[in-house]
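J.: Got a file for you: start_27.cif, mmCIF, C-alpha atoms.
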```
data_entry
loop_
_atom_site.label_atom_id
_atom_site.label_comp_id
_atom_site.auth_asym_id
_atom_site.auth_seq_id
_atom_site.Cartn_x
_atom_site.Cartn_y
_atom_site.Cartn_z
CA MET A 121 0.00 0.00 0.00
CA SER A 122 1.28 3.44 -0.81
CA ARG A 123 2.56 5.81 1.82
CA ARG A 124 -0.43 8.14 1.63
CA VAL A 125 -2.96 5.34 2.21
CA ARG A 126 -0.88 4.09 5.12
CA LEU A 127 -0.79 7.51 6.75
CA LEU A 128 -4.52 7.97 6.26
CA LEU A 129 -5.20 4.65 7.96
CA LEU A 130 -2.80 5.42 10.82
CA GLY A 131 -4.96 8.03 12.55
CA PRO A 132 -8.13 5.96 13.05
CA ALA A 133 -6.04 2.90 13.86
CA LEU A 134 -4.17 4.72 16.63
CA LEU A 135 -7.43 6.11 17.97
CA GLY A 136 -8.93 2.64 18.08
CA LEU A 137 -5.87 1.18 19.80
CA GLY A 138 -5.81 4.08 22.25
CA SER A 139 -9.44 3.54 23.22
CA LEU A 140 -8.76 -0.17 23.73
CA PHE A 141 -5.85 0.76 25.99
CA ALA A 142 -8.07 3.17 27.94
CA TRP A 143 -10.67 0.49 28.44
CA ALA A 144 -8.01 -1.97 29.62
CA ILE A 145 -6.39 0.54 31.98
CA ALA A 146 -9.76 1.32 33.60
CA GLY A 147 -9.91 -2.29 34.74
CA LEU A 148 -6.48 -2.37 36.34
CA PRO A 149 -6.00 -1.83 40.09
CA ALA A 150 -4.63 1.56 41.07
CA PHE A 151 -0.89 2.11 40.99
CA GLY A 152 0.68 0.61 44.12
CA ASP A 153 -2.38 -1.48 44.93
CA TYR A 154 -0.75 -4.81 44.19
CA ARG A 155 -3.17 -7.62 44.96
CA GLY A 156 -1.78 -10.79 43.42
CA PRO A 157 -0.49 -13.30 45.97
CA TYR A 158 2.41 -14.63 43.90
CA GLY A 159 4.74 -11.71 44.58
CA PHE A 160 4.20 -11.76 48.34
CA VAL A 161 4.61 -15.55 48.47
CA LEU A 162 7.89 -15.43 46.56
CA ASN A 163 9.32 -12.63 48.66
CA ARG A 164 8.79 -14.67 51.79
CA LEU A 165 9.75 -18.09 50.49
CA VAL A 166 12.67 -17.80 48.08
CA VAL A 167 15.32 -16.81 50.62
CA PRO A 168 14.61 -19.64 53.08
CA LEU A 169 14.09 -22.20 50.33
CA ARG A 170 16.94 -21.36 47.98
CA HIS A 171 19.31 -19.27 50.12
CA THR A 172 19.72 -16.50 47.53
CA THR A 173 19.23 -12.96 48.76
CA ASN A 174 18.46 -11.64 45.28
CA VAL A 175 14.90 -12.89 44.86
CA VAL A 176 14.75 -11.73 41.24
CA MET A 177 17.68 -13.97 40.33
CA GLY A 178 16.07 -16.79 42.27
CA VAL A 179 12.95 -16.36 40.19
CA ASN A 180 14.96 -16.12 36.99
CA PHE A 181 17.12 -19.17 37.41
CA ASP A 182 15.16 -21.39 39.74
CA VAL A 183 11.46 -20.71 40.17
CA ARG A 184 10.97 -19.83 36.48
CA GLY A 185 14.20 -21.24 35.11
CA ILE A 186 12.61 -22.57 31.98
CA ASP A 187 11.54 -19.09 30.86
CA THR A 188 15.14 -17.92 31.05
CA MET A 189 16.14 -20.91 28.97
CA GLY A 190 13.63 -19.78 26.36
CA GLU A 191 15.06 -16.26 26.43
CA GLU A 192 18.56 -17.61 25.93
CA PHE A 193 17.36 -19.51 22.91
CA ILE A 194 15.87 -16.32 21.51
CA LEU A 195 19.30 -14.73 21.93
CA TYR A 196 20.98 -17.69 20.29
CA ALA A 197 18.57 -17.75 17.36
CA SER A 198 19.00 -14.02 16.74
CA VAL A 199 22.78 -14.36 16.76
CA VAL A 200 22.56 -17.29 14.32
CA GLY A 201 20.30 -15.19 12.10
CA VAL A 202 22.70 -12.25 12.10
CA THR A 203 25.60 -14.57 11.35
CA LEU A 204 23.80 -16.16 8.43
CA LEU A 205 22.87 -12.79 6.99
CA LEU A 206 26.11 -10.91 7.43
CA ARG A 207 29.01 -13.31 7.55
CA ASP A 208 30.78 -13.19 4.23
CA GLU A 209 33.83 -15.40 3.86
CA THR A 210 35.20 -13.80 0.71
CA ARG A 211 35.26 -10.24 1.94
CA SER A 212 36.84 -10.88 5.32
CA ARG A 213 40.30 -11.25 3.87
CA GLN A 214 40.38 -7.66 2.69
CA VAL A 215 39.66 -6.40 6.19
CA GLU A 216 42.99 -7.42 7.67
CA ARG A 217 45.04 -4.90 5.77
CA ARG A 218 43.02 -1.80 6.38
CA THR A 219 43.83 -0.79 9.93
CA ARG A 220 43.73 2.70 11.31
CA ARG A 221 45.38 3.60 14.57
CA PHE A 222 43.87 6.21 16.82
CA ARG A 223 46.43 8.99 17.18
CA SER A 224 45.34 10.69 20.39
CA ASP A 225 47.25 9.66 23.51
CA THR A 226 44.55 10.84 25.91
CA VAL A 227 42.04 8.52 24.32
CA ARG A 228 44.38 5.56 24.60
CA LEU A 229 45.24 6.33 28.25
CA VAL A 230 41.67 6.81 29.37
CA GLY A 231 40.61 3.88 27.26
CA VAL A 232 43.01 1.49 28.94
CA GLY A 233 41.63 2.48 32.32
CA MET A 234 38.08 2.09 31.11
CA VAL A 235 38.68 -1.32 29.60
CA GLY A 236 40.10 -2.66 32.85
CA ALA A 237 37.45 -1.06 35.02
CA GLY A 238 34.65 -2.17 32.72
CA LEU A 239 35.85 -5.74 32.69
CA LEU A 240 36.13 -5.81 36.48
CA ILE A 241 32.66 -4.33 36.93
CA GLY A 242 31.21 -6.82 34.49
CA LEU A 243 32.84 -9.74 36.26
CA TRP A 244 31.66 -8.45 39.65
CA LEU A 245 28.10 -8.11 38.38
CA MET A 246 28.24 -11.65 37.05
CA ALA A 247 29.81 -13.19 40.14
CA PHE A 248 27.64 -11.54 42.78
CA GLY A 249 24.50 -11.64 40.71
CA TYR A 250 22.53 -13.79 43.07
CA VAL A 251 23.62 -11.96 46.24
CA SER A 252 23.12 -8.29 45.32
CA PRO A 253 21.53 -6.72 42.25
CA GLY A 254 23.18 -7.92 39.10
CA GLY A 255 23.38 -11.18 37.27
CA GLY A 256 24.68 -12.90 34.20
CA PHE A 257 22.69 -10.78 31.77
CA GLN A 258 23.77 -7.40 33.04
CA GLY A 259 27.36 -8.40 33.68
CA GLY A 260 27.58 -10.01 30.27
CA VAL A 261 26.65 -6.84 28.43
CA VAL A 262 29.08 -4.72 30.48
CA ALA A 263 31.97 -7.13 29.99
CA ALA A 264 31.31 -7.37 26.27
CA GLY A 265 31.24 -3.58 26.08
CA ALA A 266 34.61 -3.36 27.81
CA ILE A 267 36.11 -5.82 25.30
CA VAL A 268 34.66 -3.96 22.33
CA LEU A 269 36.19 -0.77 23.76
CA LEU A 270 39.51 -2.40 22.89
CA TYR A 271 38.58 -2.04 19.25
CA LEU A 272 37.97 1.66 19.70
CA VAL A 273 41.04 2.72 21.66
CA GLY A 274 43.56 0.09 20.70
CA ASN A 275 44.99 -1.25 17.55
CA HIS A 276 42.96 -3.52 15.35
CA ARG A 277 45.41 -6.25 16.14
CA ASP A 278 44.64 -6.01 19.88
CA TYR A 279 41.00 -6.67 19.17
CA ARG A 280 41.43 -9.43 16.63
CA PRO A 281 41.54 -12.37 19.13
CA PHE A 282 38.07 -11.40 20.30
CA ARG A 283 36.82 -11.49 16.76
CA SER A 284 37.84 -14.93 15.62
CA GLU A 285 34.78 -16.98 14.93
CA ARG A 286 36.58 -20.21 15.67
CA VAL A 287 36.65 -19.23 19.37
CA LEU A 288 33.39 -17.34 19.70
CA ASP A 289 31.07 -19.84 18.06
CA PRO A 290 31.88 -22.78 20.37
CA LEU A 291 31.78 -20.52 23.42
CA GLU A 292 28.29 -19.36 22.56
CA ALA A 293 27.21 -22.95 22.25
CA VAL A 294 28.83 -23.74 25.60
CA GLY A 295 26.89 -20.95 27.27
CA THR A 296 23.50 -21.82 25.86
CA GLY A 297 23.98 -25.56 25.93
CA GLY A 298 25.41 -25.53 29.44
CA TYR A 299 22.12 -24.26 30.72
CA VAL A 300 20.27 -27.15 29.11
CA VAL A 301 22.86 -29.66 30.33
CA VAL A 302 22.42 -28.56 33.94
CA GLY A 303 18.69 -29.01 33.56
CA LEU A 304 19.16 -32.41 31.99
CA ALA A 305 21.45 -33.44 34.82
CA ALA A 306 18.52 -32.96 37.17
CA LEU A 307 16.39 -35.04 34.84
CA VAL A 308 18.94 -37.85 34.84
CA SER A 309 18.99 -37.97 38.62
CA GLY A 310 15.28 -38.63 38.78
CA ALA A 311 13.91 -35.18 39.62
CA ALA A 312 12.12 -32.75 37.30
CA PHE A 313 13.95 -30.72 34.64
CA LEU A 314 16.01 -27.88 36.13
CA THR A 315 15.49 -28.92 39.76
CA ASN A 316 17.94 -27.27 42.11
CA LEU A 317 20.33 -30.13 42.78
CA PHE A 318 23.55 -28.88 44.30
CA GLY A 319 23.95 -28.09 47.98
CA LEU A 320 22.49 -24.83 49.17
CA GLY A 321 24.96 -22.69 51.06
CA THR A 322 24.49 -19.71 53.36
CA PRO A 323 22.44 -16.81 52.02
CA GLY A 324 24.55 -13.71 51.53
CA LEU A 325 27.75 -15.49 50.61
CA LEU A 326 28.98 -16.46 47.18
CA ARG A 327 28.45 -20.13 47.94
CA SER A 328 24.66 -20.15 47.98
CA GLY A 329 21.75 -21.01 45.82
CA GLY A 330 22.57 -24.50 44.65
CA SER A 331 22.51 -24.67 40.89
CA ILE A 332 21.78 -20.94 40.51
CA PRO A 333 25.47 -19.90 40.25
CA VAL A 334 26.09 -22.52 37.56
CA LEU A 335 23.13 -21.35 35.49
CA ASN A 336 24.15 -17.74 36.17
CA TRP A 337 27.64 -18.27 34.73
CA ALA A 338 26.30 -20.23 31.76
CA SER A 339 23.97 -17.40 30.82
CA ALA A 340 26.73 -14.82 31.47
CA ILE A 341 29.02 -16.59 28.99
CA ALA A 342 26.19 -16.87 26.48
CA VAL A 343 25.29 -13.17 26.69
CA THR A 344 28.90 -11.92 26.56
CA VAL A 345 29.82 -13.98 23.56
CA ALA A 346 26.54 -13.12 21.83
CA MET A 347 27.27 -9.41 22.13
CA LEU A 348 30.83 -9.92 20.89
CA LEU A 349 29.58 -11.97 17.95
CA LEU A 350 27.01 -9.34 17.04
CA PHE A 351 29.59 -6.61 16.93
CA ALA A 352 32.07 -8.79 15.06
CA GLU A 353 29.48 -9.58 12.40
CA PHE A 354 28.46 -5.98 11.91
CA LEU A 355 32.02 -4.84 11.67
CA GLU A 356 33.41 -4.39 8.24
CA THR A 357 36.14 -1.87 7.79
CA TYR A 358 36.57 -1.79 4.06
CA VAL A 359 35.31 1.77 4.10
CA VAL A 360 38.40 3.01 5.97
CA PRO A 361 41.07 4.18 3.49
CA LEU A 362 44.50 2.66 3.74
CA GLU A 363 46.86 5.09 5.45
CA PRO A 364 50.45 5.12 4.11
CA GLU A 365 51.84 4.97 7.67
CA ASP A 366 49.95 1.79 8.40
CA ALA A 367 51.23 0.01 5.34
CA ASP A 368 54.28 -1.30 7.12
CA SER A 369 52.78 -1.74 10.64
CA MET B 19 -10.45 5.75 44.76
CA LEU B 20 -7.18 6.97 46.22
CA LEU B 21 -5.96 10.14 44.60
CA ALA B 22 -2.35 10.82 45.51
CA THR B 23 -0.76 7.39 45.19
CA LEU B 24 2.15 8.80 43.20
CA VAL B 25 5.05 10.29 45.09
CA PRO B 26 6.19 13.49 43.30
CA LEU B 27 9.53 11.85 42.46
CA GLN B 28 7.72 9.06 40.62
CA ALA B 29 5.48 11.53 38.82
CA VAL B 30 8.51 13.46 37.56
CA ALA B 31 10.21 10.27 36.40
CA PHE B 32 7.11 9.17 34.50
CA ALA B 33 6.76 12.63 32.95
CA LEU B 34 10.39 12.59 31.76
CA VAL B 35 9.91 9.22 30.12
CA ALA B 36 6.67 10.32 28.51
CA LEU B 37 8.45 13.38 27.12
CA GLY B 38 11.45 11.42 25.92
CA ALA B 39 9.63 8.89 23.76
CA PRO B 40 8.23 11.37 21.16
CA VAL B 41 11.64 13.07 20.99
CA VAL B 42 13.30 9.79 20.04
CA VAL B 43 10.69 9.08 17.39
CA LEU B 44 10.83 12.57 15.92
CA THR B 45 14.61 12.52 15.43
CA ARG B 46 14.89 11.37 11.86
CA ASP B 47 18.62 10.94 11.31
CA PRO B 48 19.64 7.50 12.66
CA LEU B 49 23.02 8.73 13.87
CA ARG B 50 21.50 11.43 16.05
CA GLN B 51 18.71 9.15 17.04
CA ALA B 52 21.21 6.70 18.55
CA LEU B 53 22.39 9.40 20.95
CA VAL B 54 18.86 10.54 21.82
CA ASN B 55 17.94 6.90 22.43
CA GLY B 56 20.81 6.71 24.91
CA ILE B 57 19.46 9.69 26.82
CA TYR B 58 15.97 8.18 26.76
CA GLY B 59 17.51 5.01 28.18
CA VAL B 60 19.02 6.97 31.07
CA SER B 61 15.59 8.46 31.86
CA LEU B 62 14.17 4.92 31.83
CA VAL B 63 16.90 3.87 34.27
CA CYS B 64 15.85 6.68 36.63
CA LEU B 65 12.26 5.49 36.35
CA PHE B 66 13.18 1.89 37.12
CA VAL B 67 15.23 2.92 40.16
CA VAL B 68 12.36 5.02 41.48
CA LEU B 69 10.05 2.02 41.01
CA GLU B 70 12.34 -0.04 43.28
CA ALA B 71 13.64 -2.29 40.51
CA PRO B 72 17.47 -2.37 40.61
CA ASP B 73 17.95 -5.37 38.31
CA PRO B 74 16.01 -4.01 35.33
CA ALA B 75 17.71 -0.66 35.92
CA LEU B 76 21.14 -2.31 35.60
CA SER B 77 20.01 -4.11 32.45
CA MET B 78 18.66 -0.95 30.86
CA LEU B 79 21.80 0.99 31.79
CA ALA B 80 24.11 -1.57 30.22
CA VAL B 81 21.93 -2.02 27.15
CA SER B 82 21.16 1.60 26.38
CA GLY B 83 24.73 2.67 27.07
CA ILE B 84 26.54 -0.20 25.36
CA GLY B 85 24.21 -2.54 23.48
CA TYR B 86 22.07 -0.27 21.34
CA PRO B 87 24.74 2.26 20.31
CA LEU B 88 26.96 -0.69 19.32
CA VAL B 89 24.58 -2.25 16.85
CA ILE B 90 23.01 0.99 15.61
CA LEU B 91 26.29 2.76 14.91
CA ALA B 92 27.76 -0.34 13.27
CA ALA B 93 24.71 -0.59 11.00
CA VAL B 94 24.84 3.13 10.11
CA ALA B 95 28.57 2.89 9.36
CA ARG B 96 28.02 -0.08 7.09
CA VAL B 97 25.23 1.62 5.18
CA ARG B 98 27.38 4.70 4.63
CA GLY B 99 30.32 2.55 3.64
CA HIS B 100 28.24 0.79 1.00
CA GLU B 101 26.99 4.08 -0.39
CA ARG B 102 30.45 5.59 -0.48
CA SER B 103 31.95 2.60 -2.27
CA LYS B 104 29.11 2.67 -4.77
CA ASP B 105 29.77 6.35 -5.45
CA GLU B 106 33.42 5.56 -6.01
CA GLU B 107 32.53 2.81 -8.46
CA LYS B 108 30.35 5.14 -10.46
CA ARG B 109 33.14 7.69 -10.88
CA MET C 116 -3.35 10.33 39.22
CA SER C 117 -3.15 6.72 40.21
CA TYR C 118 -3.59 5.58 36.60
CA LEU C 119 -0.88 7.87 35.24
CA PRO C 120 1.76 5.11 34.94
CA TYR C 121 -0.45 2.94 32.77
CA ALA C 122 -1.41 5.95 30.65
CA VAL C 123 2.28 6.75 30.16
CA ALA C 124 2.91 3.18 29.02
CA ALA C 125 0.02 3.35 26.54
CA TRP C 126 1.23 6.74 25.28
CA ILE C 127 4.76 5.44 24.67
CA CYS C 128 3.39 2.43 22.81
CA LEU C 129 1.24 4.60 20.54
CA VAL C 130 4.11 7.00 19.89
CA GLY C 131 6.38 4.12 18.95
CA ILE C 132 3.80 2.62 16.57
CA ALA C 133 3.26 6.00 14.93
CA GLY C 134 7.01 6.29 14.48
CA ILE C 135 7.21 2.87 12.86
CA ALA C 136 4.39 3.63 10.46
CA THR C 137 5.74 6.98 9.34
CA SER C 138 9.39 6.01 9.13
CA LYS C 139 11.48 6.76 6.04
CA ASN C 140 14.56 4.88 7.10
CA LEU C 141 14.84 1.27 8.15
CA ILE C 142 17.33 2.02 10.94
CA HIS C 143 15.04 4.73 12.32
CA LEU C 144 12.28 2.11 12.22
CA ALA C 145 14.31 -0.30 14.34
CA ILE C 146 14.92 2.35 17.00
CA CYS C 147 11.21 3.22 17.11
CA LEU C 148 10.63 -0.47 17.72
CA THR C 149 12.85 -0.28 20.80
CA VAL C 150 10.73 2.62 22.06
CA THR C 151 7.61 0.47 21.66
CA GLN C 152 9.31 -2.36 23.56
CA SER C 153 10.18 0.00 26.40
CA SER C 154 6.49 0.73 26.89
CA SER C 155 5.93 -2.90 27.86
CA TYR C 156 8.70 -2.66 30.48
CA VAL C 157 7.11 0.45 31.99
CA LEU C 158 3.74 -1.29 32.14
CA LEU C 159 5.13 -4.46 33.73
CA LEU C 160 7.03 -2.63 36.44
CA SER C 161 4.08 -0.34 37.20
CA VAL C 162 1.77 -3.31 37.64
CA GLY C 163 4.18 -4.95 40.05
CA TYR C 164 4.76 -1.94 42.26
CA VAL C 165 3.64 -2.19 45.89
CA ARG C 166 3.03 1.02 47.80
CA HIS C 167 5.84 1.63 50.33
CA GLY C 168 7.54 -1.50 49.06
CA LYS C 169 11.30 -1.94 48.90
CA ALA C 170 13.41 -3.65 46.27
CA PRO C 171 13.20 -7.48 46.41
CA ILE C 172 16.83 -7.87 47.56
CA PHE C 173 17.17 -9.17 51.09
CA LEU C 174 20.88 -8.63 51.65
CA GLY C 175 20.82 -6.89 55.01
CA THR C 176 17.08 -6.33 55.11
CA LYS C 177 14.94 -8.34 57.44
CA LEU C 178 12.80 -11.04 55.87
CA GLY C 179 9.20 -9.98 55.91
CA THR C 180 9.57 -6.31 54.94
CA THR C 181 7.17 -5.38 52.15
CA ALA C 182 8.86 -5.70 48.81
CA VAL C 183 7.71 -5.16 45.24
CA ASP C 184 6.85 -8.03 42.95
CA PRO C 185 9.98 -9.90 41.77
CA VAL C 186 8.34 -11.83 38.92
CA VAL C 187 7.81 -8.82 36.65
CA GLN C 188 11.36 -7.67 37.33
CA ALA C 189 12.66 -11.07 36.28
CA LEU C 190 10.65 -10.88 33.06
CA THR C 191 11.82 -7.35 32.32
CA LEU C 192 15.52 -7.80 32.86
CA THR C 193 15.97 -10.77 30.56
CA ASP C 194 13.74 -9.14 27.97
CA ILE C 195 15.86 -5.97 27.86
CA VAL C 196 19.06 -7.85 27.10
CA VAL C 197 17.51 -10.19 24.55
CA SER C 198 15.90 -7.30 22.68
CA VAL C 199 19.40 -6.09 21.70
CA ALA C 200 19.96 -9.27 19.73
CA VAL C 201 16.53 -9.05 18.12
CA ILE C 202 17.15 -5.45 17.06
CA ALA C 203 20.50 -6.54 15.68
CA LEU C 204 18.71 -9.13 13.58
CA ILE C 205 16.31 -6.49 12.26
CA LEU C 206 19.25 -4.21 11.45
CA ALA C 207 20.98 -7.07 9.65
CA LEU C 208 17.84 -7.54 7.54
CA ALA C 209 17.86 -3.82 6.81
CA LEU C 210 21.49 -4.01 5.72
CA ASP C 211 20.67 -6.92 3.44
CA ALA C 212 17.79 -4.98 1.90
CA HIS C 213 20.09 -2.03 1.37
CA ARG C 214 22.66 -4.21 -0.29
CA LEU C 215 20.12 -5.71 -2.68
CA SER C 216 18.07 -2.64 -3.53
CA GLY C 217 20.37 0.29 -2.86
CA THR C 218 18.09 2.20 -0.50
CA VAL C 219 17.04 2.11 3.15
CA ASP C 220 13.69 3.74 2.50
CA PRO C 221 10.98 1.17 3.18
CA ASP C 222 8.71 2.75 0.59
CA HIS C 223 11.24 2.50 -2.19
CA ILE C 224 12.48 -1.04 -1.78
CA VAL C 225 10.27 -2.09 -4.63
CA ASP C 226 11.64 -4.93 -6.61
CA ILE C 227 14.07 -7.35 -5.01
CA SER C 228 14.69 -10.37 -7.15
CA GLY C 229 16.21 -13.54 -5.80
#
```
For this file, produce the structure as structure tokens.
T.:
Amino acid sequence: MSRRVRLLLLGPALLGLGSLFAWAIAGLPAFGDYRGPYGFVLNRLVVPLRHTTNVVMGVNFDVRGIDTMGEEFILYASVVGVTLLLRDETRSRQVERRTRRFRSDTVRLVGVGMVGAGLLIGLWLMAFGYVSPGGGFQGGVVAAGAIVLLYLVGNHRDYRPFRSERVLDPLEAVGTGGYVVVGLAALVSGAAFLTNLFGLGTPGLLRSGGSIPVLNWASAIAVTVAMLLLFAEFLETYVVPLEPEDADS
Amino acid sequence: MLLATLVPLQAVAFALVALGAPVVVLTRDPLRQALVNGIYGVSLVCLFVVLEAPDPALSMLAVSGIGYPLVILAAVARVRGHERSKDEEKR
Amino acid sequence: MSYLPYAVAAWICLVGIAGIATSKNLIHLAICLTVTQSSSYVLLLSVGYVRHGKAPIFLGTKLGTTAVDPVVQALTLTDIVVSVAVIALILALALDAHRLSGTVDPDHIVDISG
């Protein structure tokens, strides 16, 4: 349909959708008037039952662990789709020669500090995800961002190890498949899929939660490598002209 | 029906988010829109913190600061690279 | 006043859909899609809010203090991270369309063969 017809249809359509929203909102309880029992039950039960002080992580990786597995598969499928669309074997050989080094020293100095700090913060978010706010998902994005910062402030050659598909592809599979394997291990031992099998520790320490830390690290690896793969696939530097100084570096 | 169930801080956070969304949509150039989207993400982070949700706030902070600019800027750079190389071929 | 959060969520969703429909650039369209997705996060977290409730983290807080709903927070935080990959897929499709047809205008990608 042409653009004009689409724009003419947009007004009444938005009005209709808006009135449906208004009707739906009128039936909701007032803001702050939470009635459902599930939230209150979980807030009281998860810490004694699973020994994790971060109830959200307990819900994510234990009470509703199978939903997180579904989300990880969405991530995996999107990364596979991007790889299929954008990975081009013939053009990648031209990329190696066209490097461009950032000349400013301030950028490189600040960048080195930021890469280290970003990596540490990402690892801390991943490790303490089930004790204080954080988790594999958040820490994964931060750590991947710190590694991609290497591309910006360093030489192309510093970043190249984090770009090789021979390393990233198996790691992504390890992250996503590790989650399923932990669930299957519970199945093998006679309990339901994704039952919390390992010993619960003390709440508040790193050694707590049973199988939650294992699933947390599996999803952290999956998210980090997925972000790195996405950036590596999008990256194609054949637009950068070859500098004469870089010809011999 | 209770009238004042919104603390003023929450009302301001909601108002900022409601103002930010049309601004992101109305910015037409994708390069500028990536930056405006980052600012809109920060306002969403403030809203999530005020709603007592630290985990989604951390997610939104990492994603709107690192994730979205990464993929958007890489896509914009690739589109411009294609167009530039096509112009060079024509000449 | 007590329905303002839900109205804000509905407003953001409508604004995002209007942006998608009137977009002239596929990358601009993808970013408007992220705005529409953010409306669902605002709605989820507003529904789960408990008046005078604290965050559902019990490191140092006594068990039994009123806390907000953790289920909607769990849904939101995984959804935010996964949406990056989905937007990347949409951008990859846009790049492919640009490569095949030479334009990123959704109205002018007319005839793609093959």
J.: Of the candidates A:Thr344, A:Ser331, A:Thr188, A:Thr203, which one gets nearest to A:Phe282 if we count only C-alpha atoms?
T.: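 When distances to A:Phe282 are compared using only C-alpha atoms, the smallest one comes from A:Thr344.
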J.: Choose the residue, out of A:Leu355, A:Leu205, A:Val302, A:Leu288, that has the smallest atom-to-atom separation from C:Ile205; count only C-alpha atoms.
T.: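 Checking each of A:Leu355, A:Leu205, A:Val302, A:Leu288 against C:Ile205, counting only C-alpha atoms, the winner is A:Leu205.
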J.: For A:Glu191, which of A:Thr296, A:Ile341, A:Phe351, A:Val235 is the closest residue, counting all atoms listed in the file?
T.: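 Closest candidate: A:Thr296.
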J.: Would you kindly translate the PyMOL selection byres ((chain B) within 9 of (chain C)) into the concrete residues it picks from this file, as a VMD selection string?
T.: chain B and resid 19 to 24 29 32 to 33 35 to 36 39 to 40 42 to 48 51 to 52 55 58 62 65 to 66 69 to 78 80 to 81 85 to 86 89 to 90 93 to 94 96 to 97 100 to 101
J.: Between atom CA of C:Leu208 and atom CA of A:Gly131, what distance in Å does the model show, to one decimal?
T.: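 Straight-line distance from atom CA of C:Leu208 to atom CA of A:Gly131 works out to 28.1 Å.
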J.: Since I can't run it myself right now, could you work out what the PyMOL selection byres ((chain A) within 10 of (chain B)) selects here and report it as a short mmCIF file (atom, residue, chain, number, x, y, z; two decimals) with C-alpha atoms, in the frame of the given file?
T.:
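Generated file (selection.cif):
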```
data_model
loop_
_atom_site.label_atom_id
_atom_site.label_comp_id
_atom_site.auth_asym_id
_atom_site.auth_seq_id
_atom_site.Cartn_x
_atom_site.Cartn_y
_atom_site.Cartn_z
CA PRO A 149 -6.00 -1.83 40.09
CA ALA A 150 -4.63 1.56 41.07
CA PHE A 151 -0.89 2.11 40.99
CA GLY A 152 0.68 0.61 44.12
CA ASP A 153 -2.38 -1.48 44.93
CA ASN A 174 18.46 -11.64 45.28
CA VAL A 176 14.75 -11.73 41.24
CA MET A 177 17.68 -13.97 40.33
CA GLY A 242 31.21 -6.82 34.49
CA LEU A 245 28.10 -8.11 38.38
CA GLY A 249 24.50 -11.64 40.71
CA SER A 252 23.12 -8.29 45.32
CA PRO A 253 21.53 -6.72 42.25
CA GLY A 254 23.18 -7.92 39.10
CA GLY A 255 23.38 -11.18 37.27
CA PHE A 257 22.69 -10.78 31.77
CA GLN A 258 23.77 -7.40 33.04
CA GLY A 259 27.36 -8.40 33.68
CA GLY A 260 27.58 -10.01 30.27
CA VAL A 261 26.65 -6.84 28.43
CA VAL A 262 29.08 -4.72 30.48
CA ALA A 263 31.97 -7.13 29.99
CA ALA A 264 31.31 -7.37 26.27
CA GLY A 265 31.24 -3.58 26.08
CA ALA A 266 34.61 -3.36 27.81
CA VAL A 268 34.66 -3.96 22.33
CA LEU A 269 36.19 -0.77 23.76
CA MET A 347 27.27 -9.41 22.13
CA LEU A 350 27.01 -9.34 17.04
CA PHE A 351 29.59 -6.61 16.93
CA ALA A 352 32.07 -8.79 15.06
CA GLU A 353 29.48 -9.58 12.40
CA PHE A 354 28.46 -5.98 11.91
CA LEU A 355 32.02 -4.84 11.67
CA GLU A 356 33.41 -4.39 8.24
CA THR A 357 36.14 -1.87 7.79
CA TYR A 358 36.57 -1.79 4.06
CA VAL A 359 35.31 1.77 4.10
CA VAL A 360 38.40 3.01 5.97
#
```
J.: Between atom CA of A:Ile332 and atom CA of C:Val162, what distance in Å does the model show, to one decimal?
T.: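 Interatomic distance here is 26.8 Å.
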J.: For A:Arg124, work out the shell of residues within 12 Å, counting all atoms listed in the file and skipping chain neighbours fewer than 3 positions away, then give it as a VMD selection string.
T.: (chain A and resid 121 127 to 131) or (chain C and resid 136 to 137 222)
J.: Please determine the residues with any atom at most 12 Å from (17.0, -18.2, 18.8) (coordinates as given in the file, with all atoms listed in the file counting) and report them as a list in words.
T.: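 Checking each residue against the 12 Å limit leaves Met189, Gly190, Glu191, Glu192, Phe193, Ile194, Leu195, Tyr196, Ala197, Ser198, Val199, Val200, Gly201, Val202, Thr203, Glu292, Ala293, Thr296 and Ala346 of chain A; Val197, Ser198, Ala200, Val201 and Leu204 of chain C.
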J.: So how far away is atom CA of A:Leu348 from atom CA of A:Val179, in Å?
T.: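 These atoms are spaced 27.1 Å apart.
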J.: Starting from 3 Å padding per side, set up an axis-aligned box that covers all listed atoms of stretch 121-136 of chain C and hand over centre and edge lengths in Å, one decimal, as JSON.
T.:
```
{"center_x": 2.9, "center_y": 4.7, "center_z": 21.6, "size_x": 14.6, "size_y": 10.6, "size_z": 28.3}
```
J.: Please evaluate the PyMOL selection byres ((chain A and resi 165) around 12) against the structure above and give the resulting residues as a PyMOL selection string.
T.: (chain A and resi 158-164+166-173+175+178-179+183) or (chain C and resi 171+173+178-179+185)
J.: Rank nothing, just name the residue among B:Leu37, B:Arg109, B:Gly59, B:Val54 nearest to C:Gln152, using all atoms listed in the file.
T.: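 Using all atoms listed in the file, the shortest distance to C:Gln152 belongs to B:Gly59.
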